[in-house]
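Everything on this sheet refers to the single structure shown next.
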Amino acid sequence: MSEKIYIGVDLGGTAIKVGICNEEGQLLHTYEGPTEADKGADAVVSNIEQYVRHIVEQSPFDWEQVAGVGAGVAGFTDVREGIIILAPNVGLRDLPIREILEARLGKPVKIDNDANVAALGEAWGGAGKGIDHCVCATLGTGVGAGIIIHGRIYQGFAGFAGELGHMSVVPDLEAIQCGCGETGCLETVSSATGIIRMANDAVARGERTALSQVEKIMAKDVFDAAKAGDEVAIRIVNRAAFYLGKALAAVAVVLNPEVFIIGGGVSKAGDILFNEVRSVFQKLTPEVAQRGVSIVPATLGNDAGMVGAAGLFTRS
């Protein structure tokens, strides 16, 4: 065999997922093992090395065919230097992971943050396949995003481009402080955390809602209640959708992507979220900037990080 393969590593707080991709962005094999972050940085890096070697050994490919190993990390990364500045969920800080892994594996290594690699995964092998200009937003505990221009990740001068969740979109009188320290960020209303907070606040105010019967409210509970006609839940979903649509409208007039791809757990709400986001986007975006633009759900799910990390060698 002479085909090149690329290894993608999705480094999470609980698990490390590893995948093999070919040059077309197809995910061929996967493996998952525990992160063991509580054992320290060396244990985490050793696990990455072990899992990467293991997946190749279990595949029909040879180690010589591995053209590179990419890793996506939930946190702040220095892409150019290959350093994890801070990954709080994994307990890593100022770790020169590229240098360490290259020495251990004998292969080129690249890193980026999880939102960027998820975007690249969708652009390379998912909902954005074949599209040169797209933005992929991930709605989960927070709101992350990656920008793809000419088929490649746009990182900005310091590597922090695409922080959609920290666009200030909520008016001051309604704004609350975000985890980043600023107020009015999109993340405070359109993430799972923001949706849960708004639901808990409504229950605490004594509003009449089926959510008051839920012991521990999750974002899915809010969407399920909205689909069942609960007025409070509908208001919360519409608020989350409104500010997401507003943020996408602002991005549209700056970047003019062909497709906005929405992924993450919150995106599984389906039409009740997407229809409202599209409606707001249409109202707030100049006609010329929305012409031919679509807003679609991501298709790779939890595999996007592995595919995008592998794609760091061909699409970044």
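Simple scheme: letters A, B, ... for chains in structure tokens order, numbers from 1 for residues in each chain, numbers from 1 for ligands in the order shown.
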Sort by chain and increasing residue number a table of all residues of range 8-27 of chain A within 8 Å of range 87-90 of chain A, each with its closest pair of atoms and their distance in Å to one decimal, counting only C-alpha atoms, and write it as CSV.
```
residue,atom,partner,partner_atom,distance
A:Gly12,CA,A:Val90,CA,6.7
A:Gly13,CA,A:Val90,CA,4.6
A:Thr14,CA,A:Val90,CA,7.9
```
DSSP strand (DSSP E or B) selection over range 106-154 of chain A, as a ChimeraX atom specification: /A:109-113,134-139,143-149,152-154
DSSP-assigned helix (DSSP H, G or I) members of range 149-226 of chain A, reported as a ChimeraX atom specification: /A:164-166,187-190,192-204,210-213,219-226
Writer output for current selection, N, CA and C atoms, as a CSV table (one decimal), in the first residue's frame:
```
chain,number,residue,atom,x,y,z
A,164,LEU,N,-17.2,32.9,17.9
A,164,LEU,CA,-18.6,33.3,17.7
A,164,LEU,C,-19.3,33.5,19.0
A,165,GLY,N,-19.1,32.6,19.9
A,165,GLY,CA,-19.7,32.6,21.2
A,165,GLY,C,-19.5,33.9,22.0
A,166,HIS,N,-18.4,34.6,21.7
A,166,HIS,CA,-18.1,35.8,22.5
A,166,HIS,C,-18.3,37.1,21.7
A,187,GLU,N,-22.9,33.2,23.8
A,187,GLU,CA,-22.8,32.0,24.6
A,187,GLU,C,-23.7,32.0,25.8
A,188,THR,N,-24.1,33.2,26.3
A,188,THR,CA,-24.9,33.2,27.5
A,188,THR,C,-26.4,32.9,27.2
A,189,VAL,N,-26.8,32.9,25.9
A,189,VAL,CA,-28.2,32.7,25.5
A,189,VAL,C,-28.4,31.5,24.6
A,190,SER,N,-27.4,31.2,23.7
A,190,SER,CA,-27.6,30.2,22.7
A,190,SER,C,-26.9,28.9,22.9
A,192,ALA,N,-26.2,25.4,25.4
A,192,ALA,CA,-27.0,24.5,26.3
A,192,ALA,C,-27.0,25.1,27.7
A,193,THR,N,-25.8,25.7,28.1
A,193,THR,CA,-25.7,26.3,29.5
A,193,THR,C,-26.7,27.5,29.6
A,194,GLY,N,-26.7,28.3,28.5
A,194,GLY,CA,-27.6,29.5,28.5
A,194,GLY,C,-29.0,29.1,28.5
A,195,ILE,N,-29.4,28.1,27.7
A,195,ILE,CA,-30.8,27.7,27.7
A,195,ILE,C,-31.2,27.1,29.0
A,196,ILE,N,-30.4,26.3,29.6
A,196,ILE,CA,-30.7,25.8,31.0
A,196,ILE,C,-30.9,26.9,32.0
A,197,ARG,N,-30.0,27.9,31.9
A,197,ARG,CA,-30.1,29.0,32.9
A,197,ARG,C,-31.4,29.8,32.7
A,198,MET,N,-31.8,30.0,31.5
A,198,MET,CA,-33.0,30.8,31.2
A,198,MET,C,-34.2,30.0,31.7
A,199,ALA,N,-34.2,28.7,31.6
A,199,ALA,CA,-35.2,27.8,32.1
A,199,ALA,C,-35.3,27.8,33.6
A,200,ASN,N,-34.2,27.7,34.2
A,200,ASN,CA,-34.2,27.7,35.7
A,200,ASN,C,-34.6,29.0,36.2
A,201,ASP,N,-34.2,30.1,35.6
A,201,ASP,CA,-34.7,31.4,36.0
A,201,ASP,C,-36.2,31.6,35.9
A,202,ALA,N,-36.8,31.0,34.8
A,202,ALA,CA,-38.2,31.1,34.6
A,202,ALA,C,-38.9,30.3,35.7
A,203,VAL,N,-38.4,29.1,36.1
A,203,VAL,CA,-39.0,28.3,37.1
A,203,VAL,C,-38.9,29.0,38.5
A,204,ALA,N,-37.7,29.6,38.7
A,204,ALA,CA,-37.5,30.4,40.0
A,204,ALA,C,-38.4,31.6,40.1
A,210,ALA,N,-44.2,23.5,32.3
A,210,ALA,CA,-44.0,22.1,32.6
A,210,ALA,C,-42.6,21.8,33.1
A,211,LEU,N,-41.7,22.8,32.8
A,211,LEU,CA,-40.3,22.6,33.2
A,211,LEU,C,-40.2,22.7,34.7
A,212,SER,N,-41.2,23.2,35.4
A,212,SER,CA,-41.1,23.3,36.9
A,212,SER,C,-41.2,21.9,37.5
A,213,GLN,N,-41.7,20.9,36.7
A,213,GLN,CA,-41.8,19.5,37.2
A,213,GLN,C,-40.6,18.7,36.9
A,219,ALA,N,-31.1,21.0,28.4
A,219,ALA,CA,-31.5,21.7,27.2
A,219,ALA,C,-32.5,20.9,26.4
A,220,LYS,N,-32.4,19.6,26.4
A,220,LYS,CA,-33.3,18.7,25.7
A,220,LYS,C,-34.7,18.9,26.3
A,221,ASP,N,-34.8,19.0,27.6
A,221,ASP,CA,-36.1,19.2,28.3
A,221,ASP,C,-36.8,20.4,27.8
A,222,VAL,N,-36.0,21.5,27.6
A,222,VAL,CA,-36.6,22.7,27.1
A,222,VAL,C,-37.1,22.6,25.7
A,223,PHE,N,-36.3,22.0,24.8
A,223,PHE,CA,-36.8,21.8,23.5
A,223,PHE,C,-38.0,20.9,23.4
A,224,ASP,N,-38.0,19.8,24.2
A,224,ASP,CA,-39.2,18.9,24.2
A,224,ASP,C,-40.4,19.6,24.7
A,225,ALA,N,-40.3,20.5,25.7
A,225,ALA,CA,-41.4,21.2,26.2
A,225,ALA,C,-41.9,22.2,25.2
A,226,ALA,N,-41.0,22.8,24.4
A,226,ALA,CA,-41.4,23.8,23.4
A,226,ALA,C,-42.1,23.1,22.3
```
Residues near Glu24 in chain A, cut-off 10 Å, only C-alpha atoms, skip fewer than 4 positions along chain, as an mmCIF file with C-alpha atoms, in the first residue's frame:
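Once everything was written out, this is part.cif:
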```
data_model
loop_
_atom_site.group_PDB
_atom_site.id
_atom_site.type_symbol
_atom_site.label_atom_id
_atom_site.label_comp_id
_atom_site.auth_asym_id
_atom_site.auth_seq_id
_atom_site.Cartn_x
_atom_site.Cartn_y
_atom_site.Cartn_z
ATOM 1 C CA ILE A 5 -3.287 8.261 5.813
ATOM 2 C CA TRP A 124 -13.704 18.319 4.518
ATOM 3 C CA GLY A 125 -15.963 15.312 4.945
ATOM 4 C CA LYS A 129 -17.934 18.886 1.647
ATOM 5 C CA GLY A 311 -7.472 17.324 7.962
ATOM 6 C CA THR A 314 -4.364 18.868 3.985
#
```
Separation of CA of Ile97 in chain A from CA of Ile83 in chain A in Å: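 Straight-line distance from CA of Ile83 in chain A to CA of Ile97 in chain A works out to 5.7 Å.
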Tell me, as a PDB file with N, CA, C and O atoms, in the first residue's frame, which residues lie within 12 Å of Glu163 in chain A, counting only C-alpha atoms; anything in the same chain fewer than 2 positions away does not count.
```
ATOM      1  N   GLY A  75      -9.867  24.146  24.282  1.00  0.00           N
ATOM      2  CA  GLY A  75      -9.150  25.131  25.070  1.00  0.00           C
ATOM      3  C   GLY A  75      -8.398  26.094  24.176  1.00  0.00           C
ATOM      4  O   GLY A  75      -8.649  26.189  22.970  1.00  0.00           O
ATOM      5  N   PHE A  76      -7.464  26.805  24.760  1.00  0.00           N
ATOM      6  CA  PHE A  76      -6.679  27.802  24.035  1.00  0.00           C
ATOM      7  C   PHE A  76      -5.376  27.182  23.559  1.00  0.00           C
ATOM      8  O   PHE A  76      -4.655  26.557  24.339  1.00  0.00           O
ATOM      9  N   ASN A 113      -7.725  24.265  18.128  1.00  0.00           N
ATOM     10  CA  ASN A 113      -8.790  24.102  19.118  1.00  0.00           C
ATOM     11  C   ASN A 113      -9.932  23.269  18.546  1.00  0.00           C
ATOM     12  O   ASN A 113     -10.045  23.081  17.338  1.00  0.00           O
ATOM     13  N   ASP A 114     -10.779  22.778  19.427  1.00  0.00           N
ATOM     14  CA  ASP A 114     -11.804  21.812  19.028  1.00  0.00           C
ATOM     15  C   ASP A 114     -12.827  22.400  18.066  1.00  0.00           C
ATOM     16  O   ASP A 114     -13.312  21.699  17.167  1.00  0.00           O
ATOM     17  N   ALA A 115     -13.172  23.675  18.222  1.00  0.00           N
ATOM     18  CA  ALA A 115     -14.156  24.284  17.324  1.00  0.00           C
ATOM     19  C   ALA A 115     -13.616  24.379  15.900  1.00  0.00           C
ATOM     20  O   ALA A 115     -14.326  24.112  14.925  1.00  0.00           O
ATOM     21  N   ASN A 116     -12.344  24.744  15.766  1.00  0.00           N
ATOM     22  CA  ASN A 116     -11.738  24.831  14.435  1.00  0.00           C
ATOM     23  C   ASN A 116     -11.671  23.471  13.754  1.00  0.00           C
ATOM     24  O   ASN A 116     -11.980  23.339  12.563  1.00  0.00           O
ATOM     25  N   VAL A 135     -18.941  28.553   7.587  1.00  0.00           N
ATOM     26  CA  VAL A 135     -18.710  28.775   9.004  1.00  0.00           C
ATOM     27  C   VAL A 135     -19.455  27.680   9.756  1.00  0.00           C
ATOM     28  O   VAL A 135     -20.628  27.433   9.490  1.00  0.00           O
ATOM     29  N   CYS A 136     -18.766  27.016  10.646  1.00  0.00           N
ATOM     30  CA  CYS A 136     -19.375  25.939  11.423  1.00  0.00           C
ATOM     31  C   CYS A 136     -19.430  26.341  12.888  1.00  0.00           C
ATOM     32  O   CYS A 136     -18.393  26.573  13.508  1.00  0.00           O
ATOM     33  N   ALA A 137     -20.633  26.450  13.427  1.00  0.00           N
ATOM     34  CA  ALA A 137     -20.819  26.790  14.833  1.00  0.00           C
ATOM     35  C   ALA A 137     -21.186  25.535  15.611  1.00  0.00           C
ATOM     36  O   ALA A 137     -21.986  24.719  15.152  1.00  0.00           O
ATOM     37  N   THR A 138     -20.602  25.381  16.775  1.00  0.00           N
ATOM     38  CA  THR A 138     -20.885  24.240  17.636  1.00  0.00           C
ATOM     39  C   THR A 138     -21.581  24.739  18.890  1.00  0.00           C
ATOM     40  O   THR A 138     -21.008  25.512  19.665  1.00  0.00           O
ATOM     41  N   GLY A 142     -20.722  25.512  25.595  1.00  0.00           N
ATOM     42  CA  GLY A 142     -20.478  26.880  25.149  1.00  0.00           C
ATOM     43  C   GLY A 142     -20.865  27.001  23.688  1.00  0.00           C
ATOM     44  O   GLY A 142     -21.564  26.143  23.145  1.00  0.00           O
ATOM     45  N   VAL A 143     -20.409  28.064  23.046  1.00  0.00           N
ATOM     46  CA  VAL A 143     -20.616  28.237  21.608  1.00  0.00           C
ATOM     47  C   VAL A 143     -19.254  28.487  20.970  1.00  0.00           C
ATOM     48  O   VAL A 143     -18.598  29.482  21.265  1.00  0.00           O
ATOM     49  N   GLY A 144     -18.839  27.556  20.130  1.00  0.00           N
ATOM     50  CA  GLY A 144     -17.583  27.713  19.416  1.00  0.00           C
ATOM     51  C   GLY A 144     -17.859  27.780  17.932  1.00  0.00           C
ATOM     52  O   GLY A 144     -18.957  27.459  17.475  1.00  0.00           O
ATOM     53  N   ALA A 145     -16.875  28.171  17.170  1.00  0.00           N
ATOM     54  CA  ALA A 145     -17.058  28.205  15.713  1.00  0.00           C
ATOM     55  C   ALA A 145     -15.710  28.142  15.023  1.00  0.00           C
ATOM     56  O   ALA A 145     -14.674  28.477  15.610  1.00  0.00           O
ATOM     57  N   GLY A 146     -15.766  27.700  13.790  1.00  0.00           N
ATOM     58  CA  GLY A 146     -14.580  27.685  12.955  1.00  0.00           C
ATOM     59  C   GLY A 146     -14.927  28.305  11.611  1.00  0.00           C
ATOM     60  O   GLY A 146     -16.046  28.141  11.114  1.00  0.00           O
ATOM     61  N   ILE A 147     -13.984  29.025  11.029  1.00  0.00           N
ATOM     62  CA  ILE A 147     -14.190  29.708   9.757  1.00  0.00           C
ATOM     63  C   ILE A 147     -13.354  29.018   8.682  1.00  0.00           C
ATOM     64  O   ILE A 147     -12.147  28.822   8.859  1.00  0.00           O
ATOM     65  N   TYR A 154      -9.438  29.537   8.750  1.00  0.00           N
ATOM     66  CA  TYR A 154      -8.923  30.891   8.960  1.00  0.00           C
ATOM     67  C   TYR A 154      -8.742  31.073  10.463  1.00  0.00           C
ATOM     68  O   TYR A 154      -9.694  30.973  11.229  1.00  0.00           O
ATOM     69  N   GLN A 155      -7.506  31.322  10.889  1.00  0.00           N
ATOM     70  CA  GLN A 155      -7.197  31.371  12.311  1.00  0.00           C
ATOM     71  C   GLN A 155      -6.988  32.777  12.861  1.00  0.00           C
ATOM     72  O   GLN A 155      -7.016  32.976  14.076  1.00  0.00           O
ATOM     73  N   GLY A 156      -6.803  33.761  11.980  1.00  0.00           N
ATOM     74  CA  GLY A 156      -6.514  35.103  12.478  1.00  0.00           C
ATOM     75  C   GLY A 156      -5.059  35.230  12.872  1.00  0.00           C
ATOM     76  O   GLY A 156      -4.314  34.252  12.905  1.00  0.00           O
ATOM     77  N   GLY A 159      -4.546  33.319  16.145  1.00  0.00           N
ATOM     78  CA  GLY A 159      -5.175  32.009  16.235  1.00  0.00           C
ATOM     79  C   GLY A 159      -6.527  31.979  16.912  1.00  0.00           C
ATOM     80  O   GLY A 159      -7.059  30.909  17.203  1.00  0.00           O
ATOM     81  N   PHE A 160      -7.124  33.142  17.179  1.00  0.00           N
ATOM     82  CA  PHE A 160      -8.386  33.177  17.927  1.00  0.00           C
ATOM     83  C   PHE A 160      -9.591  33.553  17.064  1.00  0.00           C
ATOM     84  O   PHE A 160     -10.653  33.884  17.584  1.00  0.00           O
ATOM     85  N   ALA A 161      -9.436  33.499  15.749  1.00  0.00           N
ATOM     86  CA  ALA A 161     -10.576  33.811  14.884  1.00  0.00           C
ATOM     87  C   ALA A 161     -11.689  32.780  15.087  1.00  0.00           C
ATOM     88  O   ALA A 161     -11.432  31.624  15.402  1.00  0.00           O
ATOM     89  N   GLY A 165     -19.051  32.585  19.935  1.00  0.00           N
ATOM     90  CA  GLY A 165     -19.742  32.603  21.222  1.00  0.00           C
ATOM     91  C   GLY A 165     -19.484  33.850  22.037  1.00  0.00           C
ATOM     92  O   GLY A 165     -20.232  34.151  22.972  1.00  0.00           O
ATOM     93  N   HIS A 166     -18.429  34.585  21.691  1.00  0.00           N
ATOM     94  CA  HIS A 166     -18.090  35.776  22.468  1.00  0.00           C
ATOM     95  C   HIS A 166     -18.323  37.066  21.683  1.00  0.00           C
ATOM     96  O   HIS A 166     -17.768  38.122  22.013  1.00  0.00           O
ATOM     97  N   MET A 167     -19.192  36.976  20.672  1.00  0.00           N
ATOM     98  CA  MET A 167     -19.724  38.190  20.051  1.00  0.00           C
ATOM     99  C   MET A 167     -20.754  38.776  21.011  1.00  0.00           C
ATOM    100  O   MET A 167     -21.593  38.061  21.561  1.00  0.00           O
ATOM    101  N   SER A 168     -20.695  40.076  21.233  1.00  0.00           N
ATOM    102  CA  SER A 168     -21.655  40.740  22.116  1.00  0.00           C
ATOM    103  C   SER A 168     -22.917  41.064  21.324  1.00  0.00           C
ATOM    104  O   SER A 168     -22.914  41.972  20.487  1.00  0.00           O
ATOM    105  N   CYS A 180     -16.206  34.511  29.980  1.00  0.00           N
ATOM    106  CA  CYS A 180     -15.002  35.191  29.484  1.00  0.00           C
ATOM    107  C   CYS A 180     -14.757  36.508  30.217  1.00  0.00           C
ATOM    108  O   CYS A 180     -13.716  37.130  30.048  1.00  0.00           O
ATOM    109  N   CYS A 185     -22.593  38.168  25.721  1.00  0.00           N
ATOM    110  CA  CYS A 185     -22.060  37.236  24.722  1.00  0.00           C
ATOM    111  C   CYS A 185     -23.137  36.261  24.247  1.00  0.00           C
ATOM    112  O   CYS A 185     -24.023  35.858  24.999  1.00  0.00           O
ATOM    113  N   LEU A 186     -23.022  35.855  22.991  1.00  0.00           N
ATOM    114  CA  LEU A 186     -23.937  34.879  22.414  1.00  0.00           C
ATOM    115  C   LEU A 186     -23.998  33.608  23.252  1.00  0.00           C
ATOM    116  O   LEU A 186     -25.058  32.999  23.416  1.00  0.00           O
ATOM    117  N   GLU A 187     -22.874  33.221  23.798  1.00  0.00           N
ATOM    118  CA  GLU A 187     -22.784  31.991  24.598  1.00  0.00           C
ATOM    119  C   GLU A 187     -23.731  31.998  25.789  1.00  0.00           C
ATOM    120  O   GLU A 187     -24.177  30.942  26.243  1.00  0.00           O
ATOM    121  N   ALA A 247     -26.325  36.839  15.295  1.00  0.00           N
ATOM    122  CA  ALA A 247     -24.874  36.691  15.174  1.00  0.00           C
ATOM    123  C   ALA A 247     -24.486  36.232  13.769  1.00  0.00           C
ATOM    124  O   ALA A 247     -23.531  36.738  13.172  1.00  0.00           O
ATOM    125  N   VAL A 251     -22.032  37.964  10.865  1.00  0.00           N
ATOM    126  CA  VAL A 251     -20.934  37.257  10.210  1.00  0.00           C
ATOM    127  C   VAL A 251     -21.118  37.264   8.692  1.00  0.00           C
ATOM    128  O   VAL A 251     -20.156  37.392   7.939  1.00  0.00           O
TER     129      VAL A 251
END
```
Neighbour list for Lys107 in chain A as a VMD selection string, cut-off 8 Å, only C-alpha atoms, skip fewer than 5 positions in-chain: chain A and resid 66 to 69 101 to 102
Pairwise distance for CA of Gly126 in chain A and CA of Ala304 in chain A, rounded to one decimal in Å: 7.8 Å
Using only C-alpha atoms, find each residue in range 139-217 of chain A having at least one atom no more than 8 Å away from range 256-271 of chain A; report its shortest atom-to-atom pair and that distance in Å (one decimal), rows by chain then rising number, as JSON lines.
```
{"residue": "A:Leu139", "atom": "CA", "partner": "A:Gly264", "partner_atom": "CA", "distance": 4.7}
{"residue": "A:Gly140", "atom": "CA", "partner": "A:Gly264", "partner_atom": "CA", "distance": 5.2}
{"residue": "A:Ser191", "atom": "CA", "partner": "A:Val266", "partner_atom": "CA", "distance": 7.1}
{"residue": "A:Ala192", "atom": "CA", "partner": "A:Val266", "partner_atom": "CA", "distance": 6.1}
```
Selection: 8 Å around Val79 in chain A, only C-alpha atoms, excl. self and same-chain fewer than 5 positions, as a ChimeraX atom specification: /A:110-112,159
Could you please take those selected residues and save C-alpha atoms as a tab-separated table (two decimals), in the first residue's frame?
```tsv
chain	number	residue	atom	x	y	z
A	110	LYS	CA	-0.34	19.78	14.22
A	111	ILE	CA	-2.83	21.07	16.79
A	112	ASP	CA	-5.80	23.43	16.88
A	159	GLY	CA	-5.18	32.01	16.23
```
Gap from CA of Gly301 in chain A to CA of Ile7 in chain A - Å, one decimal: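 CA of Ile7 in chain A lies at a distance of 17.9 Å from CA of Gly301 in chain A.
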Pick from A:Gly245, A:Ile217, A:Ile55, A:Ala252 nearest to Ala233 in chain A, counting only C-alpha atoms: A:Ile217
Kindly assemble as a tab-separated table a list of the range 116-231 of chain A residues that lie within 6 Å of range 305-309 of chain A, each paired with its nearest atom pair and their distance in Å to one decimal, using only C-alpha atoms, sorted first by chain and then by ascending residue number.
```
residue	atom	partner	partner_atom	distance
A:Val117	CA	A:Gly308	CA	4.3
A:Ala118	CA	A:Gly305	CA	4.6
A:Leu120	CA	A:Gly308	CA	4.6
A:Gly121	CA	A:Gly308	CA	3.5
```
Take the residues that were just selected and, keeping all heavy atoms, output them as a PDB file, in the first residue's frame.
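Final output, out.pdb:
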```pdb
ATOM      1  N   VAL A 117     -11.266  22.456  14.506  1.00  0.00           N
ATOM      2  CA  VAL A 117     -11.146  21.142  13.867  1.00  0.00           C
ATOM      3  C   VAL A 117     -12.519  20.560  13.543  1.00  0.00           C
ATOM      4  O   VAL A 117     -12.686  19.859  12.535  1.00  0.00           O
ATOM      5  CB  VAL A 117     -10.298  20.149  14.692  1.00  0.00           C
ATOM      6  CG1 VAL A 117      -8.880  20.646  14.841  1.00  0.00           C
ATOM      7  CG2 VAL A 117     -10.919  19.851  16.037  1.00  0.00           C
ATOM      8  N   ALA A 118     -13.529  20.847  14.369  1.00  0.00           N
ATOM      9  CA  ALA A 118     -14.884  20.387  14.056  1.00  0.00           C
ATOM     10  C   ALA A 118     -15.374  21.046  12.770  1.00  0.00           C
ATOM     11  O   ALA A 118     -15.987  20.396  11.912  1.00  0.00           O
ATOM     12  CB  ALA A 118     -15.837  20.700  15.200  1.00  0.00           C
ATOM     13  N   LEU A 120     -13.458  22.194  10.348  1.00  0.00           N
ATOM     14  CA  LEU A 120     -12.687  21.625   9.250  1.00  0.00           C
ATOM     15  C   LEU A 120     -13.197  20.238   8.888  1.00  0.00           C
ATOM     16  O   LEU A 120     -13.267  19.864   7.715  1.00  0.00           O
ATOM     17  CB  LEU A 120     -11.208  21.563   9.624  1.00  0.00           C
ATOM     18  CG  LEU A 120     -10.247  21.135   8.520  1.00  0.00           C
ATOM     19  CD1 LEU A 120     -10.343  22.066   7.326  1.00  0.00           C
ATOM     20  CD2 LEU A 120      -8.819  21.088   9.044  1.00  0.00           C
ATOM     21  N   GLY A 121     -13.593  19.464   9.913  1.00  0.00           N
ATOM     22  CA  GLY A 121     -14.140  18.138   9.663  1.00  0.00           C
ATOM     23  C   GLY A 121     -15.397  18.200   8.826  1.00  0.00           C
ATOM     24  O   GLY A 121     -15.561  17.448   7.855  1.00  0.00           O
TER      25      GLY A 121
END
```
Neighbour list for Thr35 in chain A as a list of chain:residue names, cut-off 6 Å, only C-alpha atoms, skip fewer than 6 positions in-chain: A:Thr14, A:Ala15, A:Ile16, A:Val44
